[in-house]
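Asker: data-v8.cif is reproduced below (mmCIF, C-alpha atoms and all ligand atoms).
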data_run
#
loop_
_atom_site.label_atom_id
_atom_site.label_comp_id
_atom_site.auth_asym_id
_atom_site.auth_seq_id
_atom_site.Cartn_x
_atom_site.Cartn_y
_atom_site.Cartn_z
CA MET X 1 -107.36 -178.46 -187.70
CA ALA X 2 -108.56 -177.49 -191.18
CA LYS X 3 -106.33 -174.95 -192.93
CA ASN X 4 -109.01 -172.25 -192.91
CA GLU X 5 -109.71 -172.74 -189.25
CA SER X 6 -106.04 -172.52 -188.28
CA LEU X 7 -105.61 -169.36 -190.38
CA HIS X 8 -108.64 -167.88 -188.68
CA LYS X 9 -107.23 -168.74 -185.23
CA ALA X 10 -103.85 -167.23 -186.10
CA ARG X 11 -105.58 -164.03 -187.23
CA GLU X 12 -107.66 -163.93 -184.06
CA ALA X 13 -104.55 -164.44 -181.89
CA LYS X 14 -102.88 -161.47 -183.57
CA GLN X 15 -105.99 -159.41 -183.02
CA ASP X 16 -105.61 -160.04 -179.28
CA GLU X 17 -102.25 -158.27 -179.03
CA TYR X 18 -103.32 -154.86 -177.80
CA TYR X 19 -101.30 -153.28 -175.05
CA THR X 20 -102.92 -150.82 -172.71
CA GLN X 21 -101.29 -147.43 -172.18
CA ILE X 22 -100.30 -146.48 -168.66
CA SER X 23 -102.23 -143.21 -168.85
CA ASP X 24 -105.48 -145.15 -169.46
CA ILE X 25 -104.71 -147.53 -166.61
CA GLU X 26 -103.99 -144.66 -164.22
CA ARG X 27 -107.10 -142.75 -165.25
CA GLU X 28 -109.30 -145.74 -164.45
CA LEU X 29 -107.59 -147.29 -161.45
CA VAL X 30 -107.27 -144.06 -159.48
CA HIS X 31 -110.94 -144.58 -158.61
CA TYR X 32 -110.36 -148.00 -157.07
CA GLU X 33 -107.37 -147.39 -154.82
CA ASP X 34 -109.19 -148.29 -151.60
CA HIS X 35 -110.10 -151.66 -153.07
CA PHE X 36 -106.47 -152.74 -153.39
CA ARG X 37 -105.29 -152.29 -149.80
CA ASP X 38 -104.04 -155.59 -148.30
CA LYS X 39 -105.20 -157.44 -151.40
CA ILE X 40 -103.69 -159.95 -153.79
CA VAL X 41 -103.90 -158.49 -157.28
CA PHE X 42 -103.65 -160.81 -160.27
CA CYS X 43 -102.95 -159.60 -163.81
CA ASN X 44 -103.51 -162.63 -166.04
CA CYS X 45 -103.35 -162.63 -169.84
CA ASP X 46 -100.44 -160.33 -169.42
CA ASP X 47 -96.88 -159.86 -170.50
CA PRO X 48 -95.18 -158.45 -167.43
CA ALA X 49 -91.99 -157.63 -169.30
CA TYR X 50 -93.96 -155.02 -171.29
CA SER X 51 -97.25 -154.66 -169.51
CA ASN X 52 -98.27 -151.34 -168.09
CA PHE X 53 -100.60 -153.14 -165.68
CA TRP X 54 -97.58 -154.76 -164.09
CA ARG X 55 -95.67 -151.48 -164.20
CA TYR X 56 -98.53 -149.57 -162.57
CA PHE X 57 -98.92 -152.02 -159.68
CA GLN X 58 -95.19 -152.48 -159.19
CA LEU X 59 -94.60 -148.73 -158.99
CA LYS X 60 -97.55 -148.25 -156.64
CA PHE X 61 -97.14 -151.48 -154.70
CA TYR X 62 -96.40 -149.84 -151.33
CA GLN X 63 -98.54 -146.78 -151.89
CA LEU X 64 -101.58 -148.96 -152.57
CA GLY X 65 -100.68 -151.26 -149.68
CA LEU X 66 -100.83 -154.42 -151.81
CA LYS X 67 -100.23 -157.75 -150.16
CA LYS X 68 -99.15 -159.48 -153.34
CA LEU X 69 -99.00 -158.88 -157.07
CA VAL X 70 -98.93 -161.74 -159.60
CA SER X 71 -98.78 -161.50 -163.36
CA THR X 72 -98.80 -164.44 -165.76
CA HIS X 73 -97.40 -164.21 -169.23
CA TYR X 74 -99.10 -166.06 -172.07
CA ASP X 75 -97.02 -167.62 -174.79
CA PRO X 76 -99.10 -169.55 -177.32
CA HIS X 77 -96.12 -171.68 -178.40
CA ALA X 78 -94.03 -172.44 -175.31
CA PRO X 79 -94.01 -172.78 -171.54
CA SER X 80 -94.19 -169.39 -169.96
CA TYR X 81 -93.60 -167.68 -166.60
CA LYS X 82 -95.15 -165.63 -163.84
CA MET X 83 -93.83 -162.60 -162.01
CA GLU X 84 -94.64 -161.95 -158.41
CA ILE X 85 -94.10 -159.39 -155.68
CA VAL X 86 -94.90 -160.37 -152.11
CA ARG X 87 -95.09 -157.80 -149.33
CA LYS X 88 -92.47 -158.26 -146.64
CA GLU X 89 -93.89 -158.03 -143.18
CA LYS X 90 -90.79 -156.23 -141.91
CA GLY X 91 -88.40 -153.75 -143.48
CA GLU X 92 -88.77 -150.79 -145.78
CA GLN X 93 -92.13 -150.30 -147.45
CA ILE X 94 -91.04 -147.59 -149.86
CA GLY X 95 -89.57 -147.43 -153.34
CA ILE X 96 -89.99 -150.01 -156.10
CA PRO X 97 -90.14 -153.57 -154.78
CA ASP X 98 -88.17 -156.44 -156.27
CA TYR X 99 -89.96 -159.25 -158.00
CA ALA X 100 -89.44 -162.97 -158.52
CA LYS X 101 -89.75 -164.52 -161.96
CA THR X 102 -90.69 -168.22 -161.94
CA PRO X 103 -91.36 -170.61 -164.81
CA LEU X 104 -94.87 -171.96 -165.30
CA LYS X 105 -95.41 -175.56 -166.32
CA GLY X 106 -97.63 -174.52 -169.17
CA ASN X 107 -98.05 -171.57 -171.50
CA GLY X 108 -99.93 -169.23 -169.14
CA ASP X 109 -103.36 -169.86 -170.64
CA PHE X 110 -105.89 -168.36 -168.23
CA ARG X 111 -107.84 -171.63 -168.41
CA SER X 112 -104.91 -173.83 -167.35
CA GLU X 113 -104.95 -175.52 -163.97
CA GLU X 114 -101.96 -173.62 -162.62
CA CYS X 115 -103.40 -170.24 -163.67
CA ILE X 116 -106.72 -171.18 -162.08
CA GLU X 117 -104.85 -171.94 -158.84
CA ILE X 118 -103.38 -168.42 -158.91
CA LEU X 119 -106.81 -167.03 -159.69
CA LYS X 120 -108.36 -168.81 -156.71
CA GLU X 121 -105.87 -167.17 -154.38
CA ALA X 122 -106.33 -163.67 -155.86
CA ASP X 123 -108.65 -161.01 -154.44
CA VAL X 124 -108.85 -158.68 -157.44
CA VAL X 125 -108.12 -159.38 -161.10
CA VAL X 126 -107.06 -156.44 -163.25
CA THR X 127 -106.24 -156.82 -166.93
CA ASN X 128 -107.10 -156.36 -170.55
CA PRO X 129 -108.11 -159.89 -171.56
CA PRO X 130 -108.04 -161.24 -175.14
CA PHE X 131 -111.07 -159.88 -176.98
CA SER X 132 -111.52 -163.13 -178.91
CA LEU X 133 -112.00 -165.12 -175.66
CA PHE X 134 -113.92 -162.49 -173.76
CA ARG X 135 -117.04 -164.55 -173.05
CA GLU X 136 -115.04 -167.40 -171.62
CA TYR X 137 -112.79 -165.07 -169.70
CA LEU X 138 -115.66 -163.27 -167.96
CA ALA X 139 -117.48 -166.54 -167.26
CA GLN X 140 -114.39 -167.78 -165.44
CA LEU X 141 -114.20 -164.68 -163.23
CA MET X 142 -117.88 -165.11 -162.37
CA GLU X 143 -117.49 -168.83 -161.70
CA TYR X 144 -114.68 -168.20 -159.20
CA GLU X 145 -116.53 -165.20 -157.73
CA LYS X 146 -113.63 -162.84 -158.22
CA LYS X 147 -113.60 -159.08 -157.96
CA PHE X 148 -112.25 -157.49 -161.12
CA VAL X 149 -111.55 -154.43 -163.22
CA ILE X 150 -111.11 -155.44 -166.86
CA ILE X 151 -111.11 -153.80 -170.26
CA ALA X 152 -113.78 -154.79 -172.77
CA ASN X 153 -115.25 -153.76 -176.05
CA LEU X 154 -118.50 -151.84 -175.48
CA ASN X 155 -120.23 -154.16 -177.98
CA THR X 156 -119.94 -157.01 -175.50
CA VAL X 157 -122.65 -155.28 -173.44
CA THR X 158 -125.18 -156.89 -175.77
CA TYR X 159 -123.72 -160.41 -175.61
CA LYS X 160 -126.11 -162.94 -174.19
CA GLU X 161 -123.46 -163.98 -171.67
CA VAL X 162 -122.82 -160.37 -170.57
CA PHE X 163 -126.09 -158.45 -170.69
CA PRO X 164 -127.87 -160.47 -167.93
CA LEU X 165 -124.93 -159.73 -165.60
CA LEU X 166 -125.34 -156.00 -166.23
CA LYS X 167 -129.12 -156.14 -165.95
CA ASN X 168 -128.95 -158.03 -162.65
CA ASN X 169 -126.36 -155.67 -161.18
CA ARG X 170 -123.64 -158.28 -160.90
CA ILE X 171 -121.23 -156.27 -163.03
CA TRP X 172 -121.22 -152.65 -164.21
CA LEU X 173 -119.23 -150.17 -166.21
CA GLY X 174 -116.18 -148.48 -164.77
CA TYR X 175 -115.32 -144.84 -165.29
CA LYS X 176 -113.91 -144.36 -168.71
CA SER X 177 -115.68 -145.50 -171.83
CA GLY X 178 -115.37 -144.46 -175.45
CA ALA X 179 -112.31 -144.06 -177.65
CA GLN X 180 -109.06 -145.55 -176.45
CA SER X 181 -105.76 -146.27 -178.21
CA PHE X 182 -103.62 -149.35 -177.65
CA ALA X 183 -100.04 -150.14 -178.62
CA ILE X 184 -100.03 -152.94 -181.21
CA PRO X 185 -97.35 -155.00 -182.94
CA ASP X 186 -96.16 -153.61 -186.27
CA SER X 187 -97.43 -156.69 -188.06
CA VAL X 188 -101.09 -156.18 -187.11
CA GLU X 189 -103.00 -154.55 -189.96
CA ARG X 190 -106.11 -152.57 -189.14
CA ASN X 191 -107.79 -149.22 -189.65
CA ASN X 192 -107.13 -146.19 -187.49
CA THR X 193 -103.48 -146.84 -186.72
CA TYR X 194 -100.72 -144.29 -186.20
CA TYR X 195 -97.12 -144.20 -184.98
CA ILE X 196 -95.52 -142.30 -182.09
CA ASN X 197 -91.76 -142.66 -181.66
CA GLY X 198 -91.77 -145.77 -183.82
CA GLN X 199 -94.52 -147.55 -181.82
CA LYS X 200 -97.68 -148.45 -183.68
CA TYR X 201 -101.00 -147.60 -182.00
CA ALA X 202 -104.57 -148.49 -182.91
CA LYS X 203 -107.52 -146.36 -181.96
CA PHE X 204 -110.77 -148.07 -180.98
CA GLY X 205 -113.99 -146.08 -180.71
CA ASN X 206 -115.84 -148.19 -178.20
CA ILE X 207 -113.81 -149.42 -175.27
CA CYS X 208 -115.04 -149.67 -171.70
CA TRP X 209 -114.06 -151.16 -168.36
CA PHE X 210 -116.18 -153.73 -166.56
CA THR X 211 -116.01 -154.12 -162.82
CA ASN X 212 -117.87 -155.56 -159.86
CA LEU X 213 -116.13 -153.32 -157.32
CA ASP X 214 -118.31 -150.67 -155.79
CA ILE X 215 -117.32 -147.26 -157.13
CA PRO X 216 -118.91 -143.85 -156.50
CA LYS X 217 -119.88 -143.47 -160.17
CA ARG X 218 -122.38 -146.27 -159.78
CA HIS X 219 -124.31 -144.16 -157.27
CA GLU X 220 -124.32 -140.92 -159.28
CA GLU X 221 -127.77 -139.96 -160.47
CA LEU X 222 -128.41 -139.00 -164.03
CA VAL X 223 -129.81 -135.46 -163.88
CA LEU X 224 -133.16 -135.46 -165.70
CA VAL X 225 -134.17 -132.06 -167.03
CA LYS X 226 -136.88 -132.87 -169.58
CA GLN X 227 -140.62 -133.21 -168.92
CA TYR X 228 -143.01 -135.69 -170.44
CA CYS X 229 -146.22 -133.94 -169.36
CA GLY X 230 -147.05 -131.29 -171.91
CA HIS X 231 -144.47 -132.71 -174.36
CA GLU X 232 -146.06 -136.09 -175.11
CA GLU X 233 -145.57 -135.60 -178.85
CA ASP X 234 -141.78 -135.72 -178.33
CA TYR X 235 -142.06 -139.23 -176.84
CA PRO X 236 -143.97 -141.47 -179.29
CA LYS X 237 -145.15 -144.89 -178.15
CA TYR X 238 -143.81 -147.95 -179.96
CA ASP X 239 -146.23 -149.70 -182.32
CA ASN X 240 -145.68 -153.12 -180.82
CA TYR X 241 -145.59 -152.53 -177.07
CA ASP X 242 -146.28 -150.10 -174.32
CA ALA X 243 -143.13 -148.02 -173.99
CA ILE X 244 -142.03 -144.59 -175.18
CA GLU X 245 -139.08 -143.92 -177.46
CA VAL X 246 -136.37 -141.71 -175.93
CA GLY X 247 -133.76 -141.17 -178.64
CA LYS X 248 -131.15 -139.42 -176.47
CA LEU X 249 -130.09 -139.89 -172.85
CA SER X 250 -130.43 -136.17 -172.23
CA ASP X 251 -134.13 -136.46 -173.20
CA ILE X 252 -135.09 -138.98 -170.49
CA PRO X 253 -138.02 -137.25 -168.79
CA CYS X 254 -138.11 -136.72 -165.03
CA ASP X 255 -141.89 -137.25 -164.78
CA TYR X 256 -142.57 -140.46 -166.69
CA GLY X 257 -143.01 -143.56 -164.55
CA GLY X 258 -143.61 -146.01 -167.40
CA VAL X 259 -141.35 -148.06 -169.62
CA MET X 260 -138.89 -146.31 -171.97
CA GLY X 261 -136.58 -147.40 -174.78
CA VAL X 262 -133.20 -145.64 -174.61
CA PRO X 263 -129.90 -145.94 -176.51
CA ILE X 264 -127.50 -148.62 -175.36
CA THR X 265 -125.05 -145.94 -174.13
CA PHE X 266 -127.38 -145.57 -171.14
CA ILE X 267 -125.49 -148.46 -169.58
CA ASP X 268 -122.58 -146.13 -168.86
CA ARG X 269 -124.82 -143.91 -166.70
CA TYR X 270 -126.89 -146.64 -165.12
CA ASN X 271 -127.46 -146.23 -161.40
CA PRO X 272 -129.52 -149.13 -160.03
CA GLU X 273 -130.92 -146.89 -157.29
CA GLN X 274 -132.45 -144.64 -159.96
CA PHE X 275 -133.49 -147.06 -162.74
CA ASP X 276 -134.33 -150.69 -163.45
CA ILE X 277 -133.16 -152.26 -166.66
CA LEU X 278 -135.99 -154.43 -167.92
CA GLY X 279 -134.40 -155.78 -171.06
CA LEU X 280 -132.64 -155.26 -174.32
CA ASP X 281 -134.62 -155.18 -177.54
CA ASP X 282 -132.99 -155.71 -180.84
CA HIS X 283 -134.65 -156.58 -184.12
CA ARG X 284 -131.76 -158.53 -185.49
CA VAL X 285 -131.00 -160.92 -182.64
CA PRO X 286 -133.81 -163.22 -181.51
CA TRP X 287 -132.87 -163.60 -177.85
CA ARG X 288 -132.94 -159.83 -177.46
CA GLY X 289 -136.73 -159.58 -177.49
CA ARG X 290 -139.09 -158.27 -180.12
CA GLY X 291 -137.30 -155.14 -181.19
CA PRO X 292 -139.21 -151.89 -181.01
CA ASP X 293 -141.10 -150.54 -184.04
CA LEU X 294 -141.99 -146.91 -184.40
CA ASN X 295 -144.49 -145.75 -187.02
CA GLY X 296 -143.93 -148.94 -188.97
CA LYS X 297 -140.13 -148.66 -188.87
CA ALA X 298 -137.75 -150.87 -186.90
CA ILE X 299 -135.69 -149.01 -184.31
CA TYR X 300 -132.17 -150.39 -184.33
CA ARG X 301 -131.88 -151.46 -180.71
CA ARG X 302 -132.85 -150.12 -177.34
CA LEU X 303 -132.32 -150.74 -173.68
CA ILE X 304 -135.68 -150.96 -171.98
CA ILE X 305 -135.70 -149.14 -168.67
CA ARG X 306 -138.01 -147.72 -166.02
CA ARG X 307 -137.39 -145.05 -163.41
CA LYS X 308 -137.37 -146.23 -159.80
CA LYS X 309 -138.07 -142.90 -158.22
C1 LIG G 401 -105.56 -157.33 -175.29
S1 LIG G 401 -104.00 -158.05 -174.88
C2 LIG G 401 -103.62 -157.23 -173.41
C3 LIG G 401 -102.24 -157.43 -172.91
C4 LIG G 401 -101.95 -156.75 -171.57
N1 LIG G 401 -102.86 -157.24 -170.54
C5 LIG G 401 -102.02 -155.26 -171.72
O1 LIG G 401 -103.09 -154.66 -171.79
O2 LIG G 401 -100.98 -154.62 -171.82
C6 LIG G 401 -104.54 -159.67 -174.42
C7 LIG G 401 -103.43 -160.60 -174.06
O3 LIG G 401 -103.98 -161.88 -173.77
C8 LIG G 401 -103.09 -162.87 -174.26
N2 LIG G 401 -103.85 -164.10 -174.48
C9 LIG G 401 -104.44 -164.56 -175.61
N3 LIG G 401 -105.00 -165.76 -175.39
C10 LIG G 401 -104.78 -166.07 -174.09
C11 LIG G 401 -105.11 -167.19 -173.28
N4 LIG G 401 -105.79 -168.21 -173.77
N5 LIG G 401 -104.71 -167.18 -172.00
C12 LIG G 401 -104.02 -166.14 -171.49
N6 LIG G 401 -103.68 -165.05 -172.21
C13 LIG G 401 -104.05 -165.01 -173.51
C14 LIG G 401 -102.54 -162.27 -175.54
O4 LIG G 401 -101.29 -162.85 -175.86
C15 LIG G 401 -102.42 -160.79 -175.17
O5 LIG G 401 -101.15 -160.49 -174.70
#
Take the structure from the file and write it as structure tokens.
Answerer:
Amino acid sequence: MAKNESLHKAREAKQDEYYTQISDIERELVHYEDHFRDKIVFCNCDDPAYSNFWRYFQLKFYQLGLKKLVSTHYDPHAPSYKMEIVRKEKGEQIGIPDYAKTPLKGNGDFRSEECIEILKEADVVVTNPPFSLFREYLAQLMEYEKKFVIIANLNTVTYKEVFPLLKNNRIWLGYKSGAQSFAIPDSVERNNTYYINGQKYAKFGNICWFTNLDIPKRHEELVLVKQYCGHEEDYPKYDNYDAIEVGKLSDIPCDYGGVMGVPITFIDRYNPEQFDILGLDDHRVPWRGRGPDLNGKAIYRRLIIRRKK
């Protein structure tokens, strides 16, 4: 590997070491509890000795009625291990269950054969995967048709490997999106860091959860309070195609049946019973359509939607 490339990879690997806080895990997963009953939950790309995903599911193992919990640890430089809790059919089903720690043959890479075997057996995958391998990670979950709840950067919504899955209602956003802080190693340098009790944290402005489990939020309608009729001047048409510009979600009119361009944040409120997503238009990226122009000026980027009812 060329020196530059290996330096780049080392930097990327460091940038993947973000550990999710238990409060954020609890806040999200409380909405999915019914989906875990009698299921095998797999936390890959994890570090069960420190991971709050492992901690959350171990502490709630009986309460959630899990059948099995597996977590694989990734070590870029050495063979690694997995941790596992299997429900006993008889005996006490209270308290904190014991776990078994077993060596893996390889380093716990989610793409390795042995990790894929664990994945195949799992019902639901829950984790915060490495941001630098996100495309590949999501593609693998889709290939093996797994249910999942995973953390992502909101920017990935516009990736060409991700957007079609959102548009076609194969994945959607979970509950919490926006700013979120992660514990990071001391050695990782970045903006927006702070310390609490000697632990370094980094704040990110644009984190979300992706899932393909059915959650009530997905069926909540966006309440539309604005009217198009009589206020046409507030909704100019783009120069280059037949759609109106709606600059804020709260301005989506309740009486316009045509095509609208809305900010990308709409994706967090998208209910497929209420709207269709027709596309994503972005001036700077060719696959994302033409990019809307308004009065001769390029609009940064818009989701193109239409009301269903
Ligand atoms: C964003 S961190 C999240 C860690 C943990 N799931 C949590 O939130 O507490 C991503 C983790 O993926 C691991 N990782 C990086 N590349 C990986 C790979 N190819 N296979 C499996 N895990 C990997 C990193 O070491 C890191 O611990």
Asker: Find the residues around Leu29 in chain X up to 12 Å (all atoms listed in the file counted), leave out those fewer than 3 positions away in its own chain, and share them as a PDB file with C-alpha atoms, in the frame of the given file.
Answerer:
ATOM      1  CA  ILE X  22    -100.300-146.480-168.660  1.00  0.00           C
ATOM      2  CA  SER X  23    -102.230-143.210-168.850  1.00  0.00           C
ATOM      3  CA  ASP X  24    -105.480-145.150-169.460  1.00  0.00           C
ATOM      4  CA  ILE X  25    -104.710-147.530-166.610  1.00  0.00           C
ATOM      5  CA  GLU X  26    -103.990-144.660-164.220  1.00  0.00           C
ATOM      6  CA  TYR X  32    -110.360-148.000-157.070  1.00  0.00           C
ATOM      7  CA  GLU X  33    -107.370-147.390-154.820  1.00  0.00           C
ATOM      8  CA  ASP X  34    -109.190-148.290-151.600  1.00  0.00           C
ATOM      9  CA  HIS X  35    -110.100-151.660-153.070  1.00  0.00           C
ATOM     10  CA  PHE X  36    -106.470-152.740-153.390  1.00  0.00           C
ATOM     11  CA  PHE X  53    -100.600-153.140-165.680  1.00  0.00           C
ATOM     12  CA  TYR X  56     -98.530-149.570-162.570  1.00  0.00           C
ATOM     13  CA  PHE X  57     -98.920-152.020-159.680  1.00  0.00           C
ATOM     14  CA  LYS X  60     -97.550-148.250-156.640  1.00  0.00           C
ATOM     15  CA  LEU X  64    -101.580-148.960-152.570  1.00  0.00           C
ATOM     16  CA  VAL X 126    -107.060-156.440-163.250  1.00  0.00           C
ATOM     17  CA  THR X 127    -106.240-156.820-166.930  1.00  0.00           C
ATOM     18  CA  PHE X 148    -112.250-157.490-161.120  1.00  0.00           C
ATOM     19  CA  VAL X 149    -111.550-154.430-163.220  1.00  0.00           C
ATOM     20  CA  ILE X 150    -111.110-155.440-166.860  1.00  0.00           C
ATOM     21  CA  ILE X 151    -111.110-153.800-170.260  1.00  0.00           C
ATOM     22  CA  GLY X 174    -116.180-148.480-164.770  1.00  0.00           C
ATOM     23  CA  TYR X 175    -115.320-144.840-165.290  1.00  0.00           C
ATOM     24  CA  LYS X 176    -113.910-144.360-168.710  1.00  0.00           C
ATOM     25  CA  TRP X 209    -114.060-151.160-168.360  1.00  0.00           C
ATOM     26  CA  PHE X 210    -116.180-153.730-166.560  1.00  0.00           C
ATOM     27  CA  THR X 211    -116.010-154.120-162.820  1.00  0.00           C
ATOM     28  CA  LEU X 213    -116.130-153.320-157.320  1.00  0.00           C
ATOM     29  CA  ILE X 215    -117.320-147.260-157.130  1.00  0.00           C
TER      30      ILE X 215
END
Asker: Select the residues contacting ligand LIG 401 (chain G) at a distance of at most 10 Å, based on only C-alpha atoms and all ligand atoms, then format the selection as a PyMOL selection string.
Answerer: chain X and resi 12-22+25+43-55+71-76+107-112+115+126-134+136-137+150-152+182-184
Asker: Separation of CA of Arg87 in chain X and CA of Val124 in chain X, in Å?
Answerer: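 Interatomic distance here is 16.0 Å.
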Asker: Taking all atoms of range 116-122 of chain X that the file lists, what box with edges along x, y and z, padded by 5 Å per side, do you get, with centre and edge lengths in Å to one decimal, as AutoDock Vina command-line options?
Answerer:
--center_x -105.9 --center_y -167.8 --center_z -158.2 --size_x 15.0 --size_y 18.3 --size_z 17.7
Asker: Distance CA of Arg307 in chain X-CA of Gly247 in chain X, one decimal place?
Answerer: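 It comes out at 16.1 Å.
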Asker: Any idea what the distance is between CA of Glu161 in chain X and CA of Cys208 in chain X?
Answerer: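 Answer for the CA of Glu161 in chain X to CA of Cys208 in chain X separation: 16.6 Å.
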Asker: Which residues are near Met142 in chain X? Cut-off 12 Å, all atoms listed in the file, ignore same chain within fewer than 3 positions. Put them as a PyMOL selection string.
Answerer: chain X and resi 119-120+125+135-139+145-148+161-162+165+170-171+211-212
Asker: Restricting the calculation to all atoms listed in the file: of X:Phe266, X:Phe42, X:Tyr81, X:Tyr194, which residue gets closest to Leu66 in chain X?
Answerer: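 Answer, going by the shortest atom-to-atom distance: X:Phe42.
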Asker: Find the residue from X:Lys105, X:Lys160, X:Lys226, X:Arg269 that sits nearest to Trp172 in chain X; use only C-alpha atoms when measuring.
Answerer: X:Arg269
